[in-house]
$ cat structure-v6.pdb   # PDB, C-alpha atoms, pLDDT in the B column
ATOM      1  CA  MET A   1     -62.504  -5.356 -77.235  1.00 59.00           C
ATOM      2  CA  SER A   2     -63.586  -8.924 -76.487  1.00 71.00           C
ATOM      3  CA  LYS A   3     -62.137 -10.849 -73.561  1.00 78.00           C
ATOM      4  CA  LEU A   4     -60.498 -13.156 -76.079  1.00 77.00           C
ATOM      5  CA  ALA A   5     -58.648 -10.290 -77.784  1.00 74.00           C
ATOM      6  CA  GLU A   6     -57.248  -9.114 -74.438  1.00 79.00           C
ATOM      7  CA  LYS A   7     -55.002 -12.176 -74.133  1.00 83.00           C
ATOM      8  CA  ILE A   8     -52.793 -11.736 -77.221  1.00 87.00           C
ATOM      9  CA  PRO A   9     -49.503 -12.754 -75.468  1.00 88.00           C
ATOM     10  CA  ASP A  10     -51.105 -16.023 -74.312  1.00 90.00           C
ATOM     11  CA  HIS A  11     -52.483 -16.634 -77.788  1.00 93.00           C
ATOM     12  CA  LEU A  12     -49.089 -16.085 -79.387  1.00 95.00           C
ATOM     13  CA  TRP A  13     -47.502 -18.504 -76.912  1.00 96.00           C
ATOM     14  CA  HIS A  14     -50.017 -21.280 -77.605  1.00 97.00           C
ATOM     15  CA  MET A  15     -49.909 -20.639 -81.348  1.00 98.00           C
ATOM     16  CA  GLN A  16     -46.161 -21.350 -81.248  1.00 97.00           C
ATOM     17  CA  THR A  17     -47.006 -24.770 -79.791  1.00 97.00           C
ATOM     18  CA  ALA A  18     -49.530 -25.319 -82.576  1.00 98.00           C
ATOM     19  CA  LEU A  19     -46.846 -24.339 -85.112  1.00 98.00           C
ATOM     20  CA  LYS A  20     -44.529 -26.984 -83.639  1.00 98.00           C
ATOM     21  CA  GLU A  21     -47.278 -29.512 -84.308  1.00 98.00           C
ATOM     22  CA  ALA A  22     -47.615 -28.186 -87.859  1.00 98.00           C
ATOM     23  CA  GLN A  23     -43.861 -28.780 -88.297  1.00 98.00           C
ATOM     24  CA  LYS A  24     -44.400 -32.429 -87.304  1.00 98.00           C
ATOM     25  CA  ALA A  25     -47.075 -32.712 -89.982  1.00 98.00           C
ATOM     26  CA  TYR A  26     -44.728 -31.149 -92.525  1.00 97.00           C
ATOM     27  CA  LYS A  27     -41.986 -33.673 -91.686  1.00 97.00           C
ATOM     28  CA  ASN A  28     -44.504 -36.512 -92.067  1.00 97.00           C
ATOM     29  CA  ASP A  29     -45.682 -35.265 -95.480  1.00 96.00           C
ATOM     30  CA  GLU A  30     -49.055 -34.189 -94.116  1.00 97.00           C
ATOM     31  CA  VAL A  31     -50.622 -30.809 -94.768  1.00 97.00           C
ATOM     32  CA  PRO A  32     -48.887 -28.771 -92.046  1.00 98.00           C
ATOM     33  CA  ILE A  33     -51.681 -27.825 -89.710  1.00 98.00           C
ATOM     34  CA  GLY A  34     -51.259 -28.022 -85.956  1.00 98.00           C
ATOM     35  CA  ALA A  35     -53.702 -27.623 -83.093  1.00 98.00           C
ATOM     36  CA  VAL A  36     -53.480 -27.273 -79.336  1.00 98.00           C
ATOM     37  CA  LEU A  37     -56.365 -27.535 -76.899  1.00 98.00           C
ATOM     38  CA  VAL A  38     -55.849 -25.560 -73.700  1.00 97.00           C
ATOM     39  CA  GLY A  39     -57.771 -25.920 -70.449  1.00 96.00           C
ATOM     40  CA  PRO A  40     -59.151 -23.074 -68.326  1.00 93.00           C
ATOM     41  CA  ASN A  41     -55.903 -22.771 -66.340  1.00 93.00           C
ATOM     42  CA  GLY A  42     -53.734 -22.553 -69.455  1.00 93.00           C
ATOM     43  CA  ASP A  43     -52.653 -26.180 -69.297  1.00 95.00           C
ATOM     44  CA  VAL A  44     -52.217 -28.010 -72.611  1.00 97.00           C
ATOM     45  CA  LEU A  45     -54.697 -30.881 -72.727  1.00 98.00           C
ATOM     46  CA  SER A  46     -53.837 -32.000 -76.229  1.00 98.00           C
ATOM     47  CA  ALA A  47     -51.507 -31.128 -79.106  1.00 98.00           C
ATOM     48  CA  GLN A  48     -52.008 -32.726 -82.514  1.00 98.00           C
ATOM     49  CA  TYR A  49     -51.278 -32.311 -86.201  1.00 98.00           C
ATOM     50  CA  ASN A  50     -53.033 -33.378 -89.383  1.00 98.00           C
ATOM     51  CA  GLN A  51     -52.847 -37.122 -89.956  1.00 97.00           C
ATOM     52  CA  LYS A  52     -55.214 -37.732 -92.853  1.00 96.00           C
ATOM     53  CA  GLU A  53     -52.599 -39.421 -95.022  1.00 95.00           C
ATOM     54  CA  HIS A  54     -51.023 -41.538 -92.296  1.00 93.00           C
ATOM     55  CA  HIS A  55     -54.345 -42.903 -91.011  1.00 93.00           C
ATOM     56  CA  HIS A  56     -56.107 -42.862 -94.420  1.00 97.00           C
ATOM     57  CA  ASN A  57     -58.888 -40.998 -92.655  1.00 97.00           C
ATOM     58  CA  PRO A  58     -60.625 -37.906 -94.049  1.00 97.00           C
ATOM     59  CA  THR A  59     -61.488 -36.821 -90.498  1.00 97.00           C
ATOM     60  CA  GLY A  60     -57.833 -36.884 -89.392  1.00 98.00           C
ATOM     61  CA  HIS A  61     -57.700 -33.121 -89.048  1.00 98.00           C
ATOM     62  CA  ALA A  62     -55.600 -31.658 -86.227  1.00 98.00           C
ATOM     63  CA  GLU A  63     -58.663 -30.071 -84.626  1.00 98.00           C
ATOM     64  CA  ILE A  64     -60.651 -33.319 -84.528  1.00 98.00           C
ATOM     65  CA  LEU A  65     -57.705 -35.286 -83.138  1.00 98.00           C
ATOM     66  CA  CYS A  66     -57.129 -32.628 -80.458  1.00 98.00           C
ATOM     67  CA  ILE A  67     -60.755 -32.650 -79.374  1.00 98.00           C
ATOM     68  CA  GLN A  68     -60.834 -36.459 -79.250  1.00 98.00           C
ATOM     69  CA  GLU A  69     -57.653 -36.686 -77.186  1.00 98.00           C
ATOM     70  CA  ALA A  70     -58.687 -33.990 -74.697  1.00 98.00           C
ATOM     71  CA  ALA A  71     -62.180 -35.463 -74.257  1.00 98.00           C
ATOM     72  CA  ALA A  72     -60.678 -38.893 -73.572  1.00 98.00           C
ATOM     73  CA  LYS A  73     -58.162 -37.389 -71.148  1.00 97.00           C
ATOM     74  CA  LEU A  74     -60.877 -35.508 -69.229  1.00 96.00           C
ATOM     75  CA  GLY A  75     -63.460 -38.277 -69.523  1.00 97.00           C
ATOM     76  CA  ASN A  76     -65.978 -35.784 -70.834  1.00 97.00           C
ATOM     77  CA  TRP A  77     -66.959 -34.696 -74.342  1.00 97.00           C
ATOM     78  CA  ARG A  78     -67.988 -31.283 -73.035  1.00 97.00           C
ATOM     79  CA  LEU A  79     -64.895 -29.076 -73.208  1.00 98.00           C
ATOM     80  CA  SER A  80     -66.782 -26.000 -72.037  1.00 95.00           C
ATOM     81  CA  ASP A  81     -63.958 -23.934 -70.575  1.00 95.00           C
ATOM     82  CA  CYS A  82     -61.327 -24.839 -73.163  1.00 97.00           C
ATOM     83  CA  THR A  83     -59.751 -22.926 -76.031  1.00 98.00           C
ATOM     84  CA  LEU A  84     -58.574 -24.493 -79.270  1.00 98.00           C
ATOM     85  CA  TYR A  85     -55.606 -22.986 -81.098  1.00 98.00           C
ATOM     86  CA  VAL A  86     -55.131 -24.010 -84.710  1.00 98.00           C
ATOM     87  CA  THR A  87     -52.730 -22.742 -87.346  1.00 98.00           C
ATOM     88  CA  LEU A  88     -55.357 -22.586 -90.119  1.00 98.00           C
ATOM     89  CA  GLU A  89     -58.962 -21.442 -90.059  1.00 98.00           C
ATOM     90  CA  PRO A  90     -61.079 -24.567 -89.484  1.00 98.00           C
ATOM     91  CA  CYS A  91     -63.090 -26.199 -92.235  1.00 97.00           C
ATOM     92  CA  PRO A  92     -66.868 -26.698 -91.802  1.00 97.00           C
ATOM     93  CA  MET A  93     -66.375 -30.194 -90.330  1.00 97.00           C
ATOM     94  CA  CYS A  94     -63.945 -28.942 -87.705  1.00 98.00           C
ATOM     95  CA  LEU A  95     -66.004 -25.876 -86.831  1.00 97.00           C
ATOM     96  CA  SER A  96     -68.978 -28.195 -86.288  1.00 97.00           C
ATOM     97  CA  ALA A  97     -66.877 -30.426 -84.029  1.00 98.00           C
ATOM     98  CA  ILE A  98     -65.779 -27.366 -82.040  1.00 98.00           C
ATOM     99  CA  GLN A  99     -69.408 -26.366 -81.639  1.00 97.00           C
ATOM    100  CA  GLN A 100     -70.401 -29.907 -80.627  1.00 97.00           C
ATOM    101  CA  ALA A 101     -67.592 -30.110 -78.049  1.00 98.00           C
ATOM    102  CA  ARG A 102     -68.925 -26.899 -76.482  1.00 97.00           C
ATOM    103  CA  LEU A 103     -65.540 -25.175 -76.583  1.00 98.00           C
ATOM    104  CA  LYS A 104     -65.365 -21.735 -75.026  1.00 97.00           C
ATOM    105  CA  SER A 105     -63.236 -20.250 -77.800  1.00 97.00           C
ATOM    106  CA  LEU A 106     -61.278 -20.779 -80.983  1.00 98.00           C
ATOM    107  CA  VAL A 107     -58.083 -18.955 -81.927  1.00 98.00           C
ATOM    108  CA  PHE A 108     -56.631 -19.545 -85.386  1.00 98.00           C
ATOM    109  CA  GLY A 109     -53.666 -18.290 -87.362  1.00 98.00           C
ATOM    110  CA  ALA A 110     -54.031 -18.117 -91.135  1.00 97.00           C
ATOM    111  CA  TYR A 111     -57.313 -17.383 -92.860  1.00 97.00           C
ATOM    112  CA  ASP A 112     -58.446 -19.848 -95.528  1.00 96.00           C
ATOM    113  CA  GLY A 113     -60.563 -18.162 -98.190  1.00 93.00           C
ATOM    114  CA  LYS A 114     -61.105 -21.434-100.088  1.00 94.00           C
ATOM    115  CA  GLY A 115     -61.945 -23.810 -97.242  1.00 95.00           C
ATOM    116  CA  GLY A 116     -62.258 -21.913 -93.978  1.00 96.00           C
ATOM    117  CA  SER A 117     -65.717 -21.936 -92.460  1.00 96.00           C
ATOM    118  CA  ILE A 118     -65.796 -18.351 -91.340  1.00 95.00           C
ATOM    119  CA  SER A 119     -64.277 -17.004 -94.560  1.00 95.00           C
ATOM    120  CA  LEU A 120     -66.955 -18.945 -96.452  1.00 95.00           C
ATOM    121  CA  GLY A 121     -69.716 -17.538 -94.238  1.00 94.00           C
ATOM    122  CA  TYR A 122     -70.481 -20.615 -92.124  1.00 94.00           C
ATOM    123  CA  ASN A 123     -70.609 -18.745 -88.834  1.00 92.00           C
ATOM    124  CA  LEU A 124     -71.688 -21.623 -86.605  1.00 91.00           C
ATOM    125  CA  HIS A 125     -69.869 -20.025 -83.691  1.00 94.00           C
ATOM    126  CA  ASN A 126     -72.462 -17.277 -83.377  1.00 93.00           C
ATOM    127  CA  ASP A 127     -75.554 -18.892 -84.895  1.00 93.00           C
ATOM    128  CA  GLN A 128     -78.304 -18.254 -82.341  1.00 94.00           C
ATOM    129  CA  ARG A 129     -80.354 -21.148 -83.726  1.00 95.00           C
ATOM    130  CA  LEU A 130     -77.798 -23.578 -82.274  1.00 93.00           C
ATOM    131  CA  ASN A 131     -77.560 -24.460 -78.602  1.00 93.00           C
ATOM    132  CA  HIS A 132     -73.965 -23.280 -78.152  1.00 95.00           C
ATOM    133  CA  GLN A 133     -71.999 -20.242 -79.277  1.00 95.00           C
ATOM    134  CA  PHE A 134     -68.300 -19.510 -78.797  1.00 96.00           C
ATOM    135  CA  GLU A 135     -65.801 -16.737 -79.373  1.00 96.00           C
ATOM    136  CA  VAL A 136     -63.464 -16.743 -82.372  1.00 96.00           C
ATOM    137  CA  LEU A 137     -60.265 -14.796 -82.932  1.00 96.00           C
ATOM    138  CA  GLY A 138     -58.384 -15.142 -86.216  1.00 96.00           C
ATOM    139  CA  GLY A 139     -55.105 -13.907 -87.619  1.00 96.00           C
ATOM    140  CA  ILE A 140     -52.868 -14.742 -84.638  1.00 96.00           C
ATOM    141  CA  ALA A 141     -49.320 -15.317 -86.015  1.00 96.00           C
ATOM    142  CA  HIS A 142     -50.934 -15.247 -89.474  1.00 96.00           C
ATOM    143  CA  PHE A 143     -47.651 -14.835 -91.358  1.00 96.00           C
ATOM    144  CA  GLU A 144     -45.910 -17.784 -89.706  1.00 97.00           C
ATOM    145  CA  CYS A 145     -48.964 -19.994 -90.025  1.00 97.00           C
ATOM    146  CA  SER A 146     -49.480 -19.214 -93.706  1.00 96.00           C
ATOM    147  CA  GLN A 147     -45.766 -19.419 -94.494  1.00 97.00           C
ATOM    148  CA  ILE A 148     -45.428 -23.099 -93.566  1.00 97.00           C
ATOM    149  CA  LEU A 149     -48.495 -23.960 -95.667  1.00 96.00           C
ATOM    150  CA  SER A 150     -47.207 -21.973 -98.652  1.00 95.00           C
ATOM    151  CA  GLN A 151     -43.812 -23.660 -98.449  1.00 95.00           C
ATOM    152  CA  PHE A 152     -45.387 -27.134 -98.247  1.00 95.00           C
ATOM    153  CA  PHE A 153     -47.587 -26.607-101.306  1.00 93.00           C
ATOM    154  CA  ARG A 154     -44.777 -24.898-103.246  1.00 92.00           C
ATOM    155  CA  GLU A 155     -42.667 -28.029-102.732  1.00 90.00           C
ATOM    156  CA  LYS A 156     -45.580 -30.281-103.704  1.00 85.00           C
ATOM    157  CA  ARG A 157     -46.118 -28.343-106.958  1.00 84.00           C
ATOM    158  CA  LYS A 158     -42.416 -28.654-107.842  1.00 78.00           C
ATOM    159  CA  PHE A 159     -42.533 -32.387-107.209  1.00 65.00           C
ATOM    160  CA  TYR A 160     -45.644 -32.857-109.357  1.00 62.00           C
ATOM    161  CA  GLN A 161     -44.190 -30.722-112.162  1.00 63.00           C
ATOM    162  CA  LYS A 162     -41.070 -32.923-112.242  1.00 63.00           C
ATOM    163  CA  THR A 163     -43.072 -36.164-112.361  1.00 61.00           C
ATOM    164  CA  THR A 164     -45.440 -35.146-115.159  1.00 54.00           C
TER
END
$ encode --input "structure-v6.pdb" --output "structure tokens"
Amino acid sequence: MSKLAEKIPDHLWHMQTALKEAQKAYKNDEVPIGAVLVGPNGDVLSAQYNQKEHHHNPTGHAEILCIQEAAAKLGNWRLSDCTLYVTLEPCPMCLSAIQQARLKSLVFGAYDGKGGSISLGYNLHNDQRLNHQFEVLGGIAHFECSQILSQFFREKRKFYQKTT
């Protein structure tokens, strides 16, 4: 068992915070994905949700916003001893940002077979050709994390069916 897998109660706790961020996204008509970046002592350095629509920015993913806020707060882009919690498996852009920020680990909730980096085989986290590797643990609070996404898109489909 990896060191990351030994801390399931902590992961569940932080994932609940990420889910609260996802709820904020949902209320703001954004795809409900939340992220929380936690320091080495378990302190929350940043909590964000998707804001692509609000900012008209394709990089407005919760993960990117979390990394940016924490780096600014710490005055350092290297987040070496930090863990990122996110409700959905990161896309290739976000996994690259996690690798670039030198995060220690990534914990995510729901798997994303259509857009998730790891599900698609982009295993940057353990690519020995790169100068940084990090641990990944997926499926934490998977049901809750996937449920909010399913509900959001179910409502969107109903809306689009009524308007067409």
$ closest_residue --input "structure-v6.pdb" --among "A:Glu89, A:Glu63, A:Glu135, A:Asp127" --to "A:Ser46" --atoms "all atoms listed in the file"
A:Glu63
$ closest_residue --input "structure-v6.pdb" --among "A:Ala101, A:Val36, A:Gly42, A:Lys24" --to "A:Arg78" --atoms "only C-alpha atoms"
A:Ala101
$ resolve_selection --input "structure-v6.pdb" --expression "the PyMOL selection byres ((chain A and resi 96) around 10)" --output "ChimeraX atom specification"
/A:64,90-95,97-102,117,122-125
$ closest_atom_pairs --input "structure-v6.pdb" --of "stretch 91-116 of chain A" --to "stretch 140-144 of chain A" --cutoff "9 Å" --atoms "only C-alpha atoms" --output "tab-separated table"
residue	atom	partner	partner_atom	distance
A:Val107	CA	A:Ile140	CA	7.2
A:Phe108	CA	A:Ile140	CA	6.1
A:Gly109	CA	A:Ile140	CA	4.5
A:Ala110	CA	A:His142	CA	4.5
A:Tyr111	CA	A:His142	CA	7.5
$ resolve_selection --input "structure-v6.pdb" --expression "the PyMOL selection byres ((chain A and resi 34) around 7)" --output "ChimeraX atom specification"
/A:18-19,21-22,32-33,35,48-50,62,86-87
$ write_last_selection --input "structure-v6.pdb" --atoms "C-alpha atoms" --output "compact mmCIF listing (two decimals), keeping the file's coordinate frame"
# COMPACT_ATOMS: atom_id res chain seq x y z
CA ALA A 18 -49.53 -25.32 -82.58
CA LEU A 19 -46.85 -24.34 -85.11
CA GLU A 21 -47.28 -29.51 -84.31
CA ALA A 22 -47.62 -28.19 -87.86
CA PRO A 32 -48.89 -28.77 -92.05
CA ILE A 33 -51.68 -27.82 -89.71
CA ALA A 35 -53.70 -27.62 -83.09
CA GLN A 48 -52.01 -32.73 -82.51
CA TYR A 49 -51.28 -32.31 -86.20
CA ASN A 50 -53.03 -33.38 -89.38
CA ALA A 62 -55.60 -31.66 -86.23
CA VAL A 86 -55.13 -24.01 -84.71
CA THR A 87 -52.73 -22.74 -87.35
$ atom_distance --input "structure-v6.pdb" --atom1 "atom CA of A:Leu45" --atom2 "atom CA of A:Ser2"
24.0 Å
$ atom_distance --input "structure-v6.pdb" --atom1 "atom CA of A:Gln128" --atom2 "atom CA of A:His11"
26.3 Å
$ residues_near_point --input "structure-v6.pdb" --point "(-64.4, -20.4, -75.5)" --cutoff "12 Å" --atoms "all atoms listed in the file" --output "ChimeraX atom specification"
/A:2-5,37-40,78-85,98-99,101-107,125-126,132-137
$ axis_aligned_box --input "structure-v6.pdb" --around "stretch 134-138 of chain A" --padding-each-side "6 Å" --output "lines of an AutoDock Vina configuration file"
center_x = -63.3
center_y = -17.2
center_z = -82.5
size_x = 21.9
size_y = 16.7
size_z = 19.4
$ atom_distance --input "structure-v6.pdb" --atom1 "atom CA of A:Leu149" --atom2 "atom CA of A:Gly113"
13.6 Å
$ resolve_selection --input "structure-v6.pdb" --expression "the PyMOL selection byres ((chain A and resi 53) around 12)" --output "ChimeraX atom specification"
/A:25-26,28-32,49-52,54-61
$ closest_residue --input "structure-v6.pdb" --among "A:Lys158, A:Asp43, A:Gly116, A:Gln151" --to "A:Gly138" --atoms "only C-alpha atoms"
A:Gly116
$ residues_near_point --input "structure-v6.pdb" --point "(-63.7, -37.0, -77.9)" --cutoff "10 Å" --atoms "all atoms listed in the file" --output "number ranges by chain"
A: 64-79, 97, 101
